[in-house]
$ cat upload_34.cif   # mmCIF, C-alpha atoms
data_query
#
loop_
_atom_site.label_atom_id
_atom_site.label_comp_id
_atom_site.auth_asym_id
_atom_site.auth_seq_id
_atom_site.Cartn_x
_atom_site.Cartn_y
_atom_site.Cartn_z
CA MET A 115 0.00 0.00 0.00
CA ASN A 116 1.24 3.52 -0.81
CA GLN A 117 2.62 5.33 2.25
CA ILE A 118 0.20 8.22 1.71
CA SER A 119 -2.50 5.91 3.05
CA TYR A 120 -0.80 5.91 6.43
CA ILE A 121 -0.50 9.67 7.06
CA GLY A 122 -2.86 12.57 7.62
CA HIS A 123 -0.63 15.46 6.53
CA PRO A 124 2.55 15.37 4.39
CA SER A 125 4.57 17.10 7.15
CA GLN A 126 4.22 13.91 9.19
CA LEU A 127 7.10 12.60 7.06
CA CYS A 128 8.83 15.52 5.37
CA GLY A 129 8.56 19.13 4.26
CA VAL A 130 9.26 22.66 5.43
CA GLU A 131 7.92 24.50 8.47
CA GLU A 132 8.37 28.25 8.98
CA HIS A 133 9.14 29.54 12.47
CA ARG A 134 10.25 32.71 14.25
CA LEU A 135 12.47 32.81 17.31
CA VAL A 136 11.14 34.54 20.43
CA GLY A 137 13.39 36.20 23.01
CA GLY A 138 17.11 36.83 23.35
CA ARG A 139 19.38 38.19 20.64
CA GLY A 140 17.72 35.94 18.09
CA ASP A 141 14.28 37.42 18.65
CA GLY A 142 12.29 37.58 15.41
CA LEU A 143 14.67 35.56 13.25
CA ARG A 144 12.87 33.65 10.49
CA LEU A 145 13.77 29.97 10.35
CA LEU A 146 12.81 27.27 7.87
CA GLN A 147 12.90 23.78 9.39
CA VAL A 148 13.41 21.15 6.69
CA LYS A 149 13.22 17.35 6.87
CA ASN A 150 13.41 14.92 3.97
CA GLY A 151 11.76 11.88 5.56
CA LYS A 152 14.95 9.78 5.43
CA GLY A 153 16.64 11.12 8.57
CA LEU A 154 18.08 14.37 7.22
CA GLU A 155 16.96 17.57 8.96
CA PHE A 156 18.30 21.11 8.76
CA THR A 157 17.41 24.74 9.56
CA VAL A 158 17.76 27.64 7.14
CA SER A 159 18.20 31.06 8.78
CA ALA A 160 16.34 33.32 6.37
CA ASP A 161 17.57 36.50 8.06
CA ARG A 162 21.19 35.37 8.03
CA CYS A 163 21.87 34.90 4.28
CA ALA A 164 19.72 31.75 4.19
CA ASP A 165 22.63 29.97 5.84
CA ILE A 166 22.22 26.51 7.37
CA SER A 167 22.28 27.08 11.11
CA ARG A 168 21.54 23.50 12.16
CA LEU A 169 22.16 20.18 10.43
CA SER A 170 21.39 16.75 11.85
CA PHE A 171 21.05 13.21 10.60
CA LYS A 172 18.88 10.62 12.33
CA GLY A 173 18.77 12.83 15.39
CA ASP A 174 22.51 13.47 15.76
CA ASN A 175 23.93 16.97 15.41
CA TYR A 176 26.57 17.64 12.74
CA GLY A 177 27.39 21.35 13.08
CA PHE A 178 29.02 23.65 15.63
CA PHE A 179 26.89 26.22 17.44
CA SER A 180 29.04 28.92 19.01
CA ALA A 181 28.59 30.44 22.45
CA CYS A 182 26.92 33.44 20.74
CA GLY A 183 23.86 31.35 19.93
CA TYR A 184 21.31 32.77 17.54
CA ALA A 185 21.80 36.51 16.97
CA ALA A 186 19.90 38.81 14.62
CA PRO A 187 21.69 41.03 12.05
CA ALA A 188 20.91 44.03 14.27
CA TYR A 189 23.75 42.86 16.53
CA TYR A 190 26.32 42.87 13.72
CA ASP A 191 29.45 44.93 14.45
CA ASP A 192 31.20 45.88 11.21
CA LYS A 193 34.38 47.17 12.86
CA ASP A 194 37.56 45.06 12.66
CA ALA A 195 36.80 41.63 14.20
CA GLY A 196 33.39 42.67 15.56
CA TRP A 197 31.85 40.01 13.29
CA LEU A 198 32.76 37.46 15.98
CA LYS A 199 30.33 39.03 18.45
CA ASN A 200 27.35 37.49 16.65
CA PHE A 201 29.08 34.63 14.84
CA THR A 202 26.51 31.89 15.45
CA ALA A 203 28.64 29.60 13.26
CA GLY A 204 26.01 26.91 12.84
CA PHE A 205 26.74 24.41 10.11
CA LEU A 206 27.20 27.07 7.42
CA THR A 207 28.08 30.74 7.61
CA THR A 208 28.65 32.44 4.26
CA CYS A 209 31.54 34.92 4.11
CA GLY A 210 31.85 37.73 1.54
CA LEU A 211 30.85 39.11 -0.89
CA ASP A 212 33.45 41.82 -1.41
CA ALA A 213 35.64 40.90 1.57
CA VAL A 214 36.65 37.65 3.25
CA GLY A 215 39.17 36.95 5.98
CA SER A 216 41.29 39.14 8.20
CA PRO A 217 40.33 42.79 8.74
CA CYS A 218 42.46 44.96 6.47
CA GLU A 219 42.69 48.10 4.40
CA ASP A 220 42.57 47.62 0.66
CA GLU A 221 42.93 50.53 -1.75
CA GLY A 222 41.89 52.99 0.97
CA GLU A 223 38.86 50.96 2.09
CA SER A 224 38.65 49.58 5.63
CA LEU A 225 37.32 46.03 5.56
CA PRO A 226 36.01 44.04 8.55
CA LEU A 227 36.43 40.35 9.25
CA HIS A 228 34.63 38.10 6.72
CA GLY A 229 32.37 40.77 5.21
CA ARG A 230 28.68 41.44 5.82
CA ILE A 231 26.76 38.95 3.66
CA SER A 232 26.14 36.55 6.58
CA ASN A 233 24.27 39.37 8.34
CA THR A 234 22.09 40.15 5.33
CA PRO A 235 18.44 39.02 5.46
CA ALA A 236 16.76 37.45 2.47
CA GLU A 237 14.62 40.03 0.66
CA HIS A 238 12.86 37.39 -1.39
CA LEU A 239 12.20 33.93 0.02
CA LEU A 240 10.14 30.99 -1.18
CA TRP A 241 10.08 27.23 -0.97
CA ASP A 242 8.35 24.36 -2.70
CA GLU A 243 8.55 20.59 -3.06
CA ASP A 244 7.61 17.73 -5.34
CA ASP A 245 7.85 13.95 -5.08
CA THR A 246 11.66 13.94 -5.34
CA SER A 247 12.97 17.07 -3.65
CA ILE A 248 12.48 20.16 -1.52
CA TRP A 249 13.97 23.46 -2.60
CA ILE A 250 14.38 26.89 -1.02
CA LYS A 251 15.18 30.05 -2.96
CA ALA A 252 16.47 33.22 -1.28
CA VAL A 253 17.75 36.53 -2.67
CA MET A 254 20.14 38.71 -0.66
CA ASN A 255 20.76 42.35 -1.57
CA HIS A 256 24.42 43.28 -1.06
CA ALA A 257 24.08 46.72 -2.69
CA ARG A 258 24.54 50.22 -1.29
CA ILE A 259 24.17 53.73 -2.63
CA PHE A 260 27.47 55.17 -3.92
CA GLU A 261 29.09 51.73 -3.43
CA ARG A 262 29.31 48.29 -5.03
CA LYS A 263 26.06 46.61 -5.96
CA LEU A 264 25.95 42.81 -5.78
CA MET A 265 23.01 40.42 -5.55
CA LEU A 266 23.20 36.85 -4.26
CA THR A 267 20.58 34.32 -5.33
CA ARG A 268 20.76 31.07 -3.38
CA VAL A 269 18.91 27.83 -4.13
CA ILE A 270 19.11 25.02 -1.56
CA THR A 271 17.82 21.67 -2.81
CA CYS A 272 17.26 18.68 -0.54
CA SER A 273 16.61 15.26 -2.03
CA LYS A 274 13.77 13.09 -0.72
CA GLN A 275 15.37 10.01 -2.27
CA THR A 276 18.94 10.33 -1.00
CA ASN A 277 20.40 12.14 1.98
CA GLU A 278 21.97 14.98 0.05
CA ILE A 279 21.76 18.78 -0.01
CA THR A 280 23.00 21.01 -2.82
CA ILE A 281 23.62 24.73 -2.53
CA CYS A 282 23.76 26.77 -5.74
CA ASP A 283 24.71 30.45 -5.46
CA THR A 284 24.66 33.02 -8.24
CA VAL A 285 26.27 36.42 -7.65
CA GLU A 286 25.38 39.23 -10.04
CA ASN A 287 26.95 42.67 -10.32
CA ILE A 288 23.97 44.99 -10.82
CA GLY A 289 26.11 48.13 -10.60
CA ASP A 290 28.07 50.05 -13.22
CA ALA A 291 31.56 49.39 -11.86
CA GLU A 292 33.76 46.33 -11.55
CA SER A 293 33.70 44.78 -8.07
CA PRO A 294 35.88 42.36 -6.13
CA LEU A 295 34.11 39.04 -5.58
CA MET A 296 35.10 36.97 -2.57
CA LEU A 297 33.08 34.00 -1.35
CA LEU A 298 33.83 31.40 1.30
CA TYR A 299 31.55 28.64 2.61
CA HIS A 300 32.43 28.57 6.32
CA MET A 301 31.19 25.03 7.10
CA ASN A 302 31.63 24.14 10.74
CA MET A 303 31.79 20.52 11.92
CA GLY A 304 30.76 20.04 15.54
CA TYR A 305 30.15 17.51 18.30
CA PRO A 306 29.05 14.73 18.42
CA MET A 307 30.10 14.10 14.81
CA LEU A 308 33.36 15.88 15.60
CA SER A 309 35.36 14.09 18.29
CA GLU A 310 38.68 12.32 18.67
CA ALA A 311 37.00 9.29 17.03
CA ALA A 312 36.52 11.25 13.79
CA GLU A 313 38.67 10.73 10.71
CA LEU A 314 39.29 13.61 8.33
CA TYR A 315 39.76 12.85 4.63
CA ILE A 316 40.83 15.58 2.19
CA PRO A 317 42.43 14.04 -0.95
CA ALA A 318 44.11 17.25 -2.15
CA ALA A 319 47.27 17.45 -4.22
CA GLY A 320 49.03 19.47 -1.54
CA VAL A 321 48.58 21.14 1.84
CA THR A 322 50.15 24.40 3.04
CA PRO A 323 50.08 25.79 6.59
CA ARG A 324 48.74 29.33 6.91
CA ASN A 325 51.45 30.46 9.33
CA ALA A 326 54.38 29.28 11.46
CA HIS A 327 52.10 28.05 14.24
CA ALA A 328 50.16 25.82 11.84
CA ALA A 329 53.44 24.61 10.32
CA GLU A 330 54.47 23.18 13.69
CA ASP A 331 51.75 20.52 13.35
CA LEU A 332 51.72 20.09 9.59
CA ASP A 333 52.33 16.34 9.92
CA THR A 334 49.13 15.97 11.95
CA TRP A 335 46.85 18.44 10.16
CA ASN A 336 44.19 15.71 9.86
CA LYS A 337 44.29 14.54 13.50
CA VAL A 338 41.21 15.42 15.54
CA LEU A 339 42.09 16.10 19.18
CA THR A 340 40.10 16.14 22.40
CA PRO A 341 39.05 19.61 23.62
CA THR A 342 42.30 21.29 24.62
CA PRO A 343 42.51 24.28 27.01
CA GLY A 344 44.26 27.27 25.45
CA PHE A 345 44.33 25.78 21.95
CA GLU A 346 45.42 28.30 19.31
CA GLU A 347 43.58 27.95 16.01
CA GLN A 348 45.40 26.54 12.98
CA CYS A 349 44.56 26.85 9.29
CA TYR A 350 45.71 24.69 6.40
CA TYR A 351 45.22 25.42 2.71
CA HIS A 352 44.51 22.41 0.48
CA ALA A 353 45.17 22.62 -3.28
CA PHE A 354 43.27 20.27 -5.60
CA ASN A 355 45.03 21.38 -8.81
CA GLY A 356 42.11 20.50 -11.06
CA LYS A 357 41.06 17.35 -9.19
CA PRO A 358 37.42 17.22 -8.04
CA GLY A 359 37.00 19.08 -4.78
CA LEU A 360 36.24 16.81 -1.83
CA ALA A 361 36.44 16.90 1.95
CA ALA A 362 34.92 14.29 4.26
CA ILE A 363 34.72 13.54 7.95
CA PHE A 364 33.59 10.27 9.53
CA ASN A 365 33.13 9.40 13.19
CA HIS A 366 34.04 5.74 13.64
CA ASP A 367 32.51 5.46 17.12
CA ARG A 368 29.14 6.77 15.94
CA GLY A 369 29.21 5.25 12.48
CA TYR A 370 28.30 8.27 10.38
CA GLY A 371 29.83 11.27 8.67
CA LEU A 372 29.61 13.83 5.90
CA ALA A 373 31.17 14.52 2.51
CA ILE A 374 31.46 17.97 0.92
CA SER A 375 31.87 18.01 -2.87
CA PHE A 376 32.57 21.10 -4.99
CA ASP A 377 34.02 22.33 -8.26
CA SER A 378 37.68 23.08 -7.54
CA GLN A 379 37.91 25.20 -10.70
CA SER A 380 35.46 27.87 -9.49
CA LEU A 381 36.06 27.27 -5.76
CA ASP A 382 39.82 26.97 -6.11
CA CYS A 383 40.79 27.81 -2.52
CA PHE A 384 40.02 25.31 0.25
CA THR A 385 40.66 26.19 3.90
CA GLN A 386 40.71 23.78 6.83
CA TRP A 387 40.13 25.63 10.11
CA LYS A 388 41.25 23.54 13.08
CA MET A 389 40.04 24.85 16.44
CA MET A 390 40.25 22.21 19.17
CA GLY A 391 39.55 24.44 22.16
CA VAL A 392 37.30 23.88 25.16
CA LYS A 393 33.80 25.15 24.27
CA ASP A 394 35.31 26.36 20.98
CA TYR A 395 35.58 22.88 19.48
CA VAL A 396 35.12 23.03 15.72
CA MET A 397 36.65 21.89 12.44
CA GLY A 398 35.96 24.22 9.53
CA LEU A 399 35.89 22.68 6.04
CA GLU A 400 35.65 25.72 3.80
CA PRO A 401 35.54 25.80 -0.01
CA GLY A 402 35.96 29.28 -1.43
CA ASN A 403 37.26 31.37 -4.30
CA CYS A 404 39.74 33.00 -1.90
CA TYR A 405 41.71 32.35 1.27
CA PRO A 406 40.85 34.08 4.59
CA ASP A 407 43.95 36.29 4.61
CA GLY A 408 42.16 39.51 3.71
CA ARG A 409 41.41 41.22 0.42
CA ASP A 410 44.68 43.16 0.41
CA VAL A 411 46.68 39.91 0.50
CA MET A 412 44.54 38.32 -2.22
CA ARG A 413 45.09 41.37 -4.43
CA GLU A 414 48.84 41.41 -3.75
CA LYS A 415 49.13 37.73 -4.67
CA GLY A 416 47.11 38.16 -7.85
CA LEU A 417 44.33 35.88 -6.56
CA LEU A 418 41.56 38.44 -6.17
CA GLN A 419 38.61 37.67 -8.45
CA MET A 420 36.58 40.48 -10.02
CA LEU A 421 33.02 40.75 -11.32
CA ALA A 422 32.26 43.09 -14.22
CA PRO A 423 29.03 45.12 -14.47
CA SER A 424 26.08 42.86 -15.42
CA GLU A 425 28.31 39.78 -15.03
CA LYS A 426 27.13 36.70 -13.10
CA LYS A 427 29.11 33.89 -11.52
CA THR A 428 27.69 30.68 -10.11
CA TYR A 429 29.15 28.51 -7.36
CA GLY A 430 27.94 25.31 -5.74
CA VAL A 431 28.57 22.67 -3.09
CA ARG A 432 26.99 19.28 -2.39
CA LEU A 433 26.59 17.76 1.08
CA THR A 434 26.24 13.98 1.28
CA MET A 435 25.48 12.14 4.50
CA LEU A 436 27.79 9.14 4.96
CA GLU A 437 25.48 6.67 6.65
CA ASN A 438 27.93 3.88 7.48
CA GLU A 439 31.56 2.73 7.31
CA ALA A 440 31.05 1.14 3.88
CA ARG A 441 29.98 4.48 2.37
CA PHE A 442 33.05 6.20 3.81
CA GLU A 443 35.45 3.50 2.62
CA ALA A 444 33.89 3.53 -0.86
CA LEU A 445 34.39 7.29 -0.99
CA LYS A 446 38.09 6.92 -0.18
CA GLN A 447 38.54 4.30 -2.90
CA LYS A 448 37.28 6.55 -5.69
#
$ encode --input "upload_34.cif" --output "structure tokens"
Amino acid sequence: MNQISYIGHPSQLCGVEEHRLVGGRGDGLRLLQVKNGKGLEFTVSADRCADISRLSFKGDNYGFFSACGYAAPAYYDDKDAGWLKNFTAGFLTTCGLDAVGSPCEDEGESLPLHGRISNTPAEHLLWDEDDTSIWIKAVMNHARIFERKLMLTRVITCSKQTNEITICDTVENIGDAESPLMLLYHMNMGYPMLSEAAELYIPAAGVTPRNAHAAEDLDTWNKVLTPTPGFEEQCYYHAFNGKPGLAAIFNHDRGYGLAISFDSQSLDCFTQWKMMGVKDYVMGLEPGNCYPDGRDVMREKGLLQMLAPSEKKTYGVRLTMLENEARFEALKQK
């Protein structure tokens, strides 16, 4: 008998529910709660760039939620590293669009940490579903008078047949002047998926430490530690050199994990953020078209990408739940 005979309302199995937070710094935030009926559930924060604040599979949490908790864009501080004051993290925080990474000054312009797109609400938001998938579309306006004018259109598609999510982003320059374009998918792995029982797999062609401190542990860049008091963050840059972009993590004690796939031609800079601190326990797996060293450094190195007036560029990532050891081993054999 068809399963529809067993249920009263489709949301009993899968679908999207719209909510608003009440109280605290997250008061009023619009959230879309999504479940695909096969164990995959996630939350889209409509007022924070339609980022994925929570991700879970069969009841277990996958992402890192920072001590800030939910915080509305009204609490955004655009000075220097003020971005950290309302950095929820969640599973995905988008960084950009005209600045990513360390605060800096570039061609006379003062730029804060990681830009402002993650604190930009969706101006246009809709969702729908059919027998095979659920999709959410959101449009974020990154334009200002007398300044650069960029628009981000995001489509998040969740399969009802497999435990996968795809994110497709199109950035358009709607202004009359060329603009820098910097984009980084700040994906944050968290407990219980992230623990000392987790194995990290990034089959890149090469790995480079960001600084001297990271270089001290280059031989163990992929080792996941227990929470360590006073841990100083480390970043490693992974180069795929034309190979398909892939990063995966699998917790052998819990028997599940996650794979992140992306086009390493368009997202040609991959950052691993290793932060094994107490309460600040997170592993960032971050495809991007830039590194988080600041726009001035990207320009100096000739790596800064530009977007001409009326030009569009599209980027995408795929998230695949690794449901057992066999799926993880098969991935490593490809």
$ resolve_selection --input "upload_34.cif" --expression "the PyMOL selection byres ((chain A and resi 404) around 7)" --output "ChimeraX atom specification"
/A:296-298,383,402-403,405-406
$ resolve_selection --input "upload_34.cif" --expression "the PyMOL selection byres ((chain A and resi 288) around 7)" --output "list in words"
Lys263, Leu264, Glu286, Asn287, Gly289, Asp290, Pro423 and Ser424 of chain A
$ resolve_selection --input "upload_34.cif" --expression "the PyMOL selection byres ((chain A and resi 210-226) around 8)" --output "compact mmCIF listing (two decimals) with C-alpha atoms, in the frame of the given file"
# COMPACT_ATOMS: atom_id res chain seq x y z
CA ASP A 192 31.20 45.88 11.21
CA LYS A 193 34.38 47.17 12.86
CA ASP A 194 37.56 45.06 12.66
CA ALA A 195 36.80 41.63 14.20
CA GLY A 196 33.39 42.67 15.56
CA TRP A 197 31.85 40.01 13.29
CA THR A 208 28.65 32.44 4.26
CA CYS A 209 31.54 34.92 4.11
CA LEU A 227 36.43 40.35 9.25
CA HIS A 228 34.63 38.10 6.72
CA GLY A 229 32.37 40.77 5.21
CA ARG A 230 28.68 41.44 5.82
CA ILE A 231 26.76 38.95 3.66
CA SER A 232 26.14 36.55 6.58
CA HIS A 256 24.42 43.28 -1.06
CA LEU A 264 25.95 42.81 -5.78
CA SER A 293 33.70 44.78 -8.07
CA PRO A 294 35.88 42.36 -6.13
CA LEU A 295 34.11 39.04 -5.58
CA MET A 296 35.10 36.97 -2.57
CA LEU A 297 33.08 34.00 -1.35
CA LEU A 298 33.83 31.40 1.30
CA CYS A 404 39.74 33.00 -1.90
CA TYR A 405 41.71 32.35 1.27
CA PRO A 406 40.85 34.08 4.59
CA ASP A 407 43.95 36.29 4.61
CA GLY A 408 42.16 39.51 3.71
CA ARG A 409 41.41 41.22 0.42
CA ASP A 410 44.68 43.16 0.41
$ residues_near_point --input "upload_34.cif" --point "(14.5, 10.8, 5.2)" --cutoff "9 Å" --atoms "all atoms listed in the file" --output "list in words"
Leu127, Cys128, Lys149, Asn150, Gly151, Lys152, Gly153, Leu154, Glu155, Phe171, Lys172, Ser273, Lys274, Gln275, Thr276 and Asn277 of chain A
$ closest_residue --input "upload_34.cif" --among "A:Leu308, A:Ala362, A:Val158, A:Ala291" --to "Ala252 (chain A)" --atoms "all atoms listed in the file"
A:Val158
$ axis_aligned_box --input "upload_34.cif" --around "region 142-145 of chain A" --padding-each-side "4 Å" --output "JSON"
{"center_x": 13.5, "center_y": 33.8, "center_z": 12.9, "size_x": 10.4, "size_y": 15.6, "size_z": 13.1}
$ closest_residue --input "upload_34.cif" --among "A:Asp141, A:Phe178, A:Ile281, A:Ala257" --to "Asp165 (chain A)" --atoms "all atoms listed in the file"
A:Ile281
$ closest_residue --input "upload_34.cif" --among "A:Arg432, A:His238, A:Lys199, A:His123" --to "Cys163 (chain A)" --atoms "all atoms listed in the file"
A:His238
$ closest_residue --input "upload_34.cif" --among "A:Met307, A:Leu146, A:Ile248, A:Ala319" --to "Glu278 (chain A)" --atoms "all atoms listed in the file"
A:Ile248
$ atom_distance --input "upload_34.cif" --atom1 "CA of Gly142 (chain A)" --atom2 "CA of Ser167 (chain A)"
15.1 Å
